[in-house]
$ cat protein.tsv   # TSV, C-alpha atoms
chain	number	residue	atom	x	y	z
C	1	MET	CA	17.07	-5.57	12.15
C	2	LYS	CA	15.97	-6.95	15.50
C	3	THR	CA	13.26	-9.27	14.16
C	4	ILE	CA	11.82	-10.25	10.78
C	5	ARG	CA	8.61	-12.29	10.36
C	6	ILE	CA	7.10	-13.43	7.06
C	7	THR	CA	3.53	-14.73	7.24
C	8	GLU	CA	1.70	-16.91	4.75
C	9	THR	CA	-1.67	-15.33	5.51
C	10	THR	CA	-3.85	-17.88	3.68
C	11	LYS	CA	-2.58	-20.71	5.89
C	12	ASN	CA	-1.60	-18.56	8.89
C	13	LYS	CA	1.95	-19.95	8.87
C	14	TYR	CA	4.91	-17.76	9.66
C	15	PHE	CA	8.71	-17.84	9.77
C	16	GLU	CA	10.54	-15.56	12.19
C	17	ILE	CA	14.20	-14.84	12.80
C	18	THR	CA	15.73	-12.60	15.44
C	19	GLY	CA	19.01	-11.15	16.64
C	20	ASN	CA	22.20	-12.75	15.31
C	21	GLN	CA	20.23	-15.18	13.11
C	22	ILE	CA	19.86	-12.22	10.73
C	23	GLY	CA	22.85	-11.77	8.46
C	24	THR	CA	23.30	-9.63	5.35
C	25	LEU	CA	20.30	-7.60	4.18
C	26	GLU	CA	19.99	-5.91	0.79
C	27	GLY	CA	17.39	-3.47	-0.52
C	28	TRP	CA	16.28	-2.31	2.92
C	29	GLU	CA	18.04	1.03	3.28
C	30	TYR	CA	16.80	2.42	-0.02
C	31	PRO	CA	14.97	0.67	-2.87
C	32	SER	CA	16.62	-0.26	-6.10
C	33	VAL	CA	13.39	-0.01	-8.04
C	34	ILE	CA	12.49	-1.64	-11.32
C	35	SER	CA	11.03	0.86	-13.78
C	36	ALA	CA	7.28	0.57	-14.03
C	37	ILE	CA	4.84	2.03	-16.55
C	38	ASP	CA	1.60	3.35	-15.10
C	39	ASP	CA	-1.72	2.39	-16.59
C	40	ILE	CA	-2.88	5.97	-16.98
C	41	PRO	CA	-6.56	5.91	-15.94
C	42	GLY	CA	-8.95	6.57	-18.78
C	43	ASN	CA	-11.66	7.12	-16.20
C	44	LYS	CA	-11.49	8.29	-12.62
C	45	GLY	CA	-11.35	5.30	-10.36
C	46	ALA	CA	-9.22	3.15	-12.67
C	47	LEU	CA	-6.50	1.26	-10.83
C	48	TYR	CA	-2.79	1.50	-11.47
C	49	VAL	CA	-1.36	-1.72	-12.87
C	50	ASN	CA	1.73	-1.18	-10.75
C	51	SER	CA	2.89	1.15	-8.03
C	52	LYS	CA	3.95	4.56	-9.28
C	53	PHE	CA	7.10	4.03	-7.25
C	54	GLY	CA	8.15	0.83	-9.05
C	55	ARG	CA	9.04	-2.26	-7.01
C	56	ARG	CA	11.55	-3.07	-4.29
C	57	ARG	CA	13.90	-6.07	-4.46
C	58	LEU	CA	14.91	-7.45	-1.07
C	59	SER	CA	17.11	-10.24	0.19
C	60	ILE	CA	17.64	-11.78	3.62
C	61	GLU	CA	20.67	-13.90	4.41
C	62	GLY	CA	20.86	-15.70	7.75
C	63	TYR	CA	21.11	-19.01	9.52
C	64	ILE	CA	19.12	-21.45	11.65
C	65	PRO	CA	20.86	-23.43	14.40
C	66	GLY	CA	21.09	-27.13	13.56
C	67	GLN	CA	18.78	-28.44	16.28
C	68	THR	CA	15.81	-26.16	15.54
C	69	LEU	CA	13.92	-28.50	13.21
C	70	ALA	CA	10.63	-26.72	13.93
C	71	GLN	CA	12.05	-23.44	12.62
C	72	ARG	CA	13.24	-25.08	9.39
C	73	ILE	CA	9.81	-26.58	8.85
C	74	ALA	CA	8.16	-23.22	9.57
C	75	MET	CA	10.43	-21.59	6.99
C	76	GLY	CA	9.40	-24.08	4.32
C	77	LEU	CA	5.68	-23.75	5.06
C	78	ALA	CA	5.60	-19.96	5.26
C	79	LEU	CA	7.86	-19.24	2.29
C	80	ARG	CA	6.49	-21.76	-0.19
C	81	GLN	CA	5.93	-20.08	-3.53
C	82	THR	CA	2.19	-20.36	-3.92
C	83	GLY	CA	1.83	-17.18	-5.94
C	84	THR	CA	0.30	-15.35	-2.99
C	85	ILE	CA	1.47	-12.09	-1.49
C	86	LYS	CA	2.83	-12.55	2.01
C	87	LYS	CA	2.91	-10.10	4.90
C	88	MET	CA	6.34	-9.20	6.25
C	89	THR	CA	6.63	-7.45	9.61
C	90	PHE	CA	9.91	-6.36	11.13
C	91	THR	CA	11.46	-4.24	13.87
C	92	THR	CA	14.44	-2.05	13.03
C	93	LEU	CA	17.46	-1.42	15.24
C	94	ASN	CA	15.91	1.91	16.27
C	95	ASP	CA	12.65	0.16	17.21
C	96	LEU	CA	10.46	1.12	14.25
C	97	ALA	CA	7.73	-1.52	13.88
C	98	LEU	CA	7.11	-1.69	10.13
C	99	GLN	CA	5.45	-3.92	7.54
C	100	ALA	CA	5.33	-4.60	3.81
C	101	TYR	CA	3.65	-7.05	1.46
C	102	VAL	CA	6.06	-9.22	-0.52
C	103	GLU	CA	6.26	-12.12	-2.94
C	104	VAL	CA	8.90	-14.80	-2.43
C	105	LEU	CA	11.12	-15.13	-5.52
C	106	SER	CA	13.40	-17.85	-4.19
C	107	LEU	CA	14.51	-19.68	-1.08
C	108	ASP	CA	17.94	-21.32	-1.03
C	109	TYR	CA	19.16	-23.44	1.87
C	110	LYS	CA	20.97	-26.71	2.34
C	111	TYR	CA	19.33	-29.29	4.55
C	112	SER	CA	21.70	-30.25	7.35
C	113	ASN	CA	21.68	-31.34	10.98
C	114	LYS	CA	24.18	-28.58	11.55
C	115	CYS	CA	23.83	-24.83	11.17
C	116	THR	CA	21.54	-24.13	8.17
C	117	SER	CA	22.41	-21.04	6.11
C	118	PHE	CA	19.68	-19.61	3.92
C	119	LEU	CA	19.03	-16.86	1.38
C	120	ILE	CA	15.52	-15.48	0.80
C	121	GLU	CA	14.88	-13.24	-2.22
C	122	LEU	CA	11.72	-11.14	-2.24
C	123	VAL	CA	9.99	-8.45	-4.27
C	124	ALA	CA	7.54	-5.88	-2.88
C	125	PRO	CA	5.04	-4.45	-5.43
C	126	ASP	CA	4.98	-1.28	-3.30
C	127	PRO	CA	8.53	-0.35	-2.23
C	128	ARG	CA	7.39	1.70	0.76
C	129	PHE	CA	7.50	0.34	4.31
C	130	TYR	CA	4.49	1.16	6.47
C	131	SER	CA	3.98	1.49	10.20
C	132	GLN	CA	2.31	-1.51	11.81
C	133	THR	CA	0.11	1.02	13.64
C	134	LEU	CA	-3.03	2.16	11.80
C	135	HIS	CA	-3.71	5.75	12.85
C	136	ASP	CA	-7.36	6.89	13.09
C	137	THR	CA	-8.09	10.62	13.45
C	138	GLU	CA	-11.73	11.64	13.90
C	139	LEU	CA	-13.10	15.00	12.73
C	140	ASP	CA	-16.58	16.52	13.10
C	141	ASN	CA	-18.88	18.01	10.47
C	142	SER	CA	-17.04	21.36	10.46
C	143	ASP	CA	-13.55	20.78	11.71
C	144	SER	CA	-9.84	21.23	11.11
C	145	LYS	CA	-7.07	19.08	12.56
C	146	ALA	CA	-3.35	18.60	11.97
C	147	ILE	CA	-2.36	14.96	11.56
C	148	THR	CA	1.21	13.76	11.21
C	149	ASN	CA	2.71	11.23	8.83
C	150	ALA	CA	5.83	10.41	10.87
C	151	GLY	CA	7.52	8.70	7.92
C	152	ASN	CA	9.69	10.12	5.14
C	153	GLU	CA	7.45	9.36	2.15
C	154	ILE	CA	3.89	10.20	1.12
C	155	THR	CA	1.14	7.85	2.27
C	156	SER	CA	-2.41	7.36	0.95
C	157	PRO	CA	-5.17	7.48	3.57
C	158	SER	CA	-8.64	5.98	3.67
C	159	ILE	CA	-11.41	8.42	4.56
C	160	LYS	CA	-14.51	7.02	6.27
C	161	LEU	CA	-17.66	9.17	6.29
C	162	LEU	CA	-20.58	8.27	8.56
C	163	GLY	CA	-23.50	9.84	10.37
C	164	ALA	CA	-25.67	12.60	8.96
C	165	GLY	CA	-24.58	14.52	5.87
C	166	SER	CA	-25.50	15.17	2.25
C	167	ASN	CA	-22.55	17.04	0.76
C	168	TRP	CA	-19.09	16.27	2.10
C	169	VAL	CA	-16.01	18.39	1.37
C	170	ILE	CA	-12.73	16.99	2.71
C	171	SER	CA	-9.48	18.89	2.11
C	172	ASN	CA	-5.78	18.51	2.80
C	173	THR	CA	-4.92	22.20	2.98
C	174	THR	CA	-1.22	21.36	3.30
C	175	THR	CA	-1.11	19.89	-0.21
C	176	GLY	CA	-3.98	21.94	-1.65
C	177	LYS	CA	-5.92	18.82	-2.66
C	178	SER	CA	-9.56	18.05	-1.81
C	179	PHE	CA	-12.63	16.09	-2.83
C	180	THR	CA	-16.40	16.44	-2.64
C	181	LEU	CA	-18.86	13.59	-2.12
C	182	ALA	CA	-22.42	14.54	-3.12
C	183	LYS	CA	-24.00	11.63	-1.27
C	184	THR	CA	-26.60	11.61	1.50
C	185	ILE	CA	-25.56	9.30	4.32
C	186	THR	CA	-27.95	8.40	7.12
C	187	GLY	CA	-28.43	5.81	9.84
C	188	THR	CA	-25.74	3.15	10.07
C	189	ASP	CA	-24.53	3.62	6.47
C	190	TYR	CA	-21.02	4.84	5.72
C	191	VAL	CA	-18.82	5.58	2.71
C	192	THR	CA	-15.11	4.74	2.52
C	193	ILE	CA	-12.83	6.59	0.10
C	194	ASN	CA	-9.65	4.54	-0.37
C	195	CYS	CA	-7.10	6.96	-1.79
C	196	ALA	CA	-4.59	4.20	-2.58
C	197	ASP	CA	-6.98	1.97	-4.54
C	198	ARG	CA	-9.08	4.91	-5.84
C	199	THR	CA	-12.36	3.38	-4.77
C	200	VAL	CA	-15.48	4.95	-3.24
C	201	LEU	CA	-17.65	2.32	-1.56
C	202	LEU	CA	-20.93	2.46	0.34
C	203	ASN	CA	-20.77	0.04	3.29
C	204	ASP	CA	-17.63	-1.49	1.72
C	205	THR	CA	-19.71	-3.19	-0.99
C	206	THR	CA	-21.39	-0.79	-3.46
C	207	SER	CA	-19.48	1.70	-5.59
C	208	VAL	CA	-20.79	5.27	-5.40
C	209	PHE	CA	-17.97	6.70	-7.47
C	210	PRO	CA	-20.28	8.89	-9.63
C	211	ASP	CA	-20.96	10.96	-6.47
C	212	PHE	CA	-17.23	11.67	-6.04
C	213	ASP	CA	-15.40	14.64	-7.52
C	214	GLY	CA	-11.88	15.85	-6.84
C	215	ASP	CA	-8.58	14.34	-5.72
C	216	PHE	CA	-7.61	11.08	-4.07
C	217	PHE	CA	-5.15	13.01	-1.95
C	218	VAL	CA	-2.04	11.86	-0.09
C	219	LEU	CA	-0.46	12.85	3.21
C	220	ASP	CA	2.97	14.45	2.93
C	221	PRO	CA	5.68	13.54	5.46
C	222	GLY	CA	5.17	15.66	8.56
C	223	ALA	CA	2.05	17.60	9.56
C	224	ASN	CA	-0.98	17.77	7.25
C	225	THR	CA	-4.02	19.92	8.03
C	226	ILE	CA	-7.31	18.19	7.19
C	227	THR	CA	-10.53	20.22	7.07
C	228	THR	CA	-14.15	19.08	6.78
C	229	THR	CA	-17.31	20.88	5.69
C	230	VAL	CA	-20.50	18.79	5.71
C	231	THR	CA	-23.92	20.01	4.59
C	232	GLY	CA	-26.66	18.70	6.88
C	233	GLY	CA	-24.19	17.46	9.44
C	234	ASP	CA	-25.04	17.12	13.12
C	235	THR	CA	-23.57	15.59	16.28
C	236	SER	CA	-23.67	12.13	14.68
C	237	THR	CA	-21.43	13.19	11.77
C	238	GLU	CA	-17.95	11.68	11.80
C	239	VAL	CA	-15.04	11.80	9.37
C	240	HIS	CA	-12.25	9.32	10.08
C	241	VAL	CA	-8.83	9.65	8.42
C	242	LEU	CA	-7.06	6.28	8.60
C	243	PHE	CA	-3.43	5.93	7.53
C	244	ARG	CA	-0.05	4.37	8.23
C	245	ASP	CA	3.25	6.26	8.42
C	246	SER	CA	5.24	5.56	5.24
C	247	TYR	CA	9.00	5.13	4.74
C	248	ILE	CA	10.97	4.87	1.51
C	249	THR	CA	14.32	4.67	3.30
C	250	LEU	CA	15.38	3.55	6.76

$ encode --input "protein.tsv" --output "structure tokens"
Amino acid sequence: MKTIRITETTKNKYFEITGNQIGTLEGWEYPSVISAIDDIPGNKGALYVNSKFGRRRLSIEGYIPGQTLAQRIAMGLALRQTGTIKKMTFTTLNDLALQAYVEVLSLDYKYSNKCTSFLIELVAPDPRFYSQTLHDTELDNSDSKAITNAGNEITSPSIKLLGAGSNWVISNTTTGKSFTLAKTITGTDYVTINCADRTVLLNDTTSVFPDFDGDFFVLDPGANTITTTVTGGDTSTEVHVLFRDSYITL
């Protein structure tokens, strides 16, 4: 790795290491997952208790030069075990800018005015790494576009529907999965279908799940062809497919 940053988002504190400060890494090349049992949804829209992929255990071994007191303090503040999920961003040796959400299991280091070695142990509820770039592809009311998941694992998009329309059919013809939303949208209203969380929200607040029928589809690695057919659509109709490239191995 070239850089690793872990951010305590609730307090906006972060700890970053770069270059030769980064020592041995484990769990990064390919996840050693812990078996997880899915909460099989009794109703459409139910959430999974855990990722279908299990969890990823990670460790970071490194050191902090003895005179960098500020960096030691930053490590303690950012990695404190408050029970909150932290955001980890990192850049690989081949310049992939990726991210994951992690929980700190332990932090071991010996206070010293000399070189401080440390070991951070983490667990990621979702073992996939995601691109730091959020892709946004816009389609019209009757459209077909190929979009590319540049990673090596499936990723779940969010689909945002806005503008005029009363019956929305969105399909991933590459995977053969699709959904229909029998909902009239006008004015400044919009509906977001989050395929990862399995939610269908009007203006990000009100569930309109009863109007949804079909699949919360994924994007396969590589090219995926997305098609749209919207009843009552016009020039104001927009369908946005938002996603991040997903990697299970580096």

$ residues_around --input "protein.tsv" --residues "stretch 236-245 of chain C" --least-positions-apart "6" --cutoff "10 Å" --atoms "only C-alpha atoms" --output "PyMOL selection string"
chain C and resi 98-99+128-143+147-165+168+170+185-187+190-194+218-222+226-228+230

$ residues_around --input "protein.tsv" --residues "C:Thr24" --least-positions-apart "2" --cutoff "10 Å" --atoms "only C-alpha atoms" --output "PyMOL selection string"
chain C and resi 22+26+59-62+119

$ atom_distance --input "protein.tsv" --atom1 "atom CA of C:Thr180" --atom2 "atom CA of C:Asp211"
8.1 Å

$ residues_near_point --input "protein.tsv" --point "(23.6, -14.4, 11.1)" --cutoff "12 Å" --atoms "all atoms listed in the file" --output "PDB file with C-alpha atoms, keeping the file's coordinate frame"
ATOM      1  CA  MET C   1      17.070  -5.570  12.150  1.00  0.00           C
ATOM      2  CA  LYS C   2      15.970  -6.950  15.500  1.00  0.00           C
ATOM      3  CA  THR C   3      13.260  -9.270  14.160  1.00  0.00           C
ATOM      4  CA  ILE C  17      14.200 -14.840  12.800  1.00  0.00           C
ATOM      5  CA  THR C  18      15.730 -12.600  15.440  1.00  0.00           C
ATOM      6  CA  GLY C  19      19.010 -11.150  16.640  1.00  0.00           C
ATOM      7  CA  ASN C  20      22.200 -12.750  15.310  1.00  0.00           C
ATOM      8  CA  GLN C  21      20.230 -15.180  13.110  1.00  0.00           C
ATOM      9  CA  ILE C  22      19.860 -12.220  10.730  1.00  0.00           C
ATOM     10  CA  GLY C  23      22.850 -11.770   8.460  1.00  0.00           C
ATOM     11  CA  THR C  24      23.300  -9.630   5.350  1.00  0.00           C
ATOM     12  CA  LEU C  25      20.300  -7.600   4.180  1.00  0.00           C
ATOM     13  CA  ILE C  60      17.640 -11.780   3.620  1.00  0.00           C
ATOM     14  CA  GLU C  61      20.670 -13.900   4.410  1.00  0.00           C
ATOM     15  CA  GLY C  62      20.860 -15.700   7.750  1.00  0.00           C
ATOM     16  CA  TYR C  63      21.110 -19.010   9.520  1.00  0.00           C
ATOM     17  CA  ILE C  64      19.120 -21.450  11.650  1.00  0.00           C
ATOM     18  CA  PRO C  65      20.860 -23.430  14.400  1.00  0.00           C
ATOM     19  CA  CYS C 115      23.830 -24.830  11.170  1.00  0.00           C
ATOM     20  CA  THR C 116      21.540 -24.130   8.170  1.00  0.00           C
ATOM     21  CA  SER C 117      22.410 -21.040   6.110  1.00  0.00           C
ATOM     22  CA  PHE C 118      19.680 -19.610   3.920  1.00  0.00           C
ATOM     23  CA  LEU C 119      19.030 -16.860   1.380  1.00  0.00           C
TER      24      LEU C 119
END

$ atom_distance --input "protein.tsv" --atom1 "atom CA of C:Gly83" --atom2 "atom CA of C:Gly27"
21.4 Å

$ decode --input "protein.tsv" --residues "stretch 111-164 of chain C" --atoms "C-alpha atoms" --output "short mmCIF file (atom, residue, chain, number, x, y, z; two decimals), in the first residue's frame"
data_model
loop_
_atom_site.label_atom_id
_atom_site.label_comp_id
_atom_site.auth_asym_id
_atom_site.auth_seq_id
_atom_site.Cartn_x
_atom_site.Cartn_y
_atom_site.Cartn_z
CA TYR C 111 4.44 4.28 24.24
CA SER C 112 8.03 5.38 23.67
CA ASN C 113 10.04 8.43 22.69
CA LYS C 114 11.69 6.20 20.14
CA CYS C 115 10.22 4.42 17.14
CA THR C 116 6.69 3.24 18.03
CA SER C 117 5.61 -0.08 16.52
CA PHE C 118 1.89 -0.78 16.36
CA LEU C 119 -0.60 -3.46 15.32
CA ILE C 120 -4.17 -2.58 14.33
CA GLU C 121 -6.75 -5.37 13.99
CA LEU C 122 -9.95 -4.60 12.10
CA VAL C 123 -13.09 -6.31 10.82
CA ALA C 124 -15.13 -5.18 7.81
CA PRO C 125 -18.82 -6.24 7.84
CA ASP C 126 -18.68 -6.16 4.03
CA PRO C 127 -15.44 -7.79 2.80
CA ARG C 128 -15.49 -6.00 -0.55
CA PHE C 129 -13.33 -2.95 -1.26
CA TYR C 130 -15.02 -0.16 -3.20
CA SER C 131 -13.73 2.58 -5.46
CA GLN C 132 -13.56 5.99 -3.82
CA THR C 133 -15.18 7.33 -7.01
CA LEU C 134 -18.99 7.23 -7.13
CA HIS C 135 -20.00 6.70 -10.76
CA ASP C 136 -23.22 8.35 -11.98
CA THR C 137 -24.64 7.29 -15.38
CA GLU C 138 -27.73 9.14 -16.61
CA LEU C 139 -30.33 7.53 -18.90
CA ASP C 140 -33.45 9.01 -20.51
CA ASN C 141 -37.03 7.74 -20.49
CA SER C 142 -36.39 5.19 -23.26
CA ASP C 143 -32.71 4.43 -23.29
CA SER C 144 -30.01 1.77 -23.23
CA LYS C 145 -26.43 2.25 -22.06
CA ALA C 146 -23.49 0.01 -21.20
CA ILE C 147 -21.90 0.85 -17.86
CA THR C 148 -18.77 -0.80 -16.52
CA ASN C 149 -18.00 -2.14 -13.06
CA ALA C 150 -14.20 -2.04 -13.32
CA GLY C 151 -13.76 -4.25 -10.26
CA ASN C 152 -13.66 -8.04 -9.93
CA GLU C 153 -16.77 -8.56 -7.79
CA ILE C 154 -20.47 -7.71 -8.10
CA THR C 155 -21.60 -4.33 -6.80
CA SER C 156 -25.07 -3.09 -5.82
CA PRO C 157 -26.15 0.20 -7.41
CA SER C 158 -28.60 2.86 -6.31
CA ILE C 159 -31.13 3.89 -8.96
CA LYS C 160 -32.53 7.43 -8.77
CA LEU C 161 -35.72 8.19 -10.73
CA LEU C 162 -36.83 11.78 -11.26
CA GLY C 163 -38.81 13.93 -13.66
CA ALA C 164 -42.03 12.87 -15.34
#
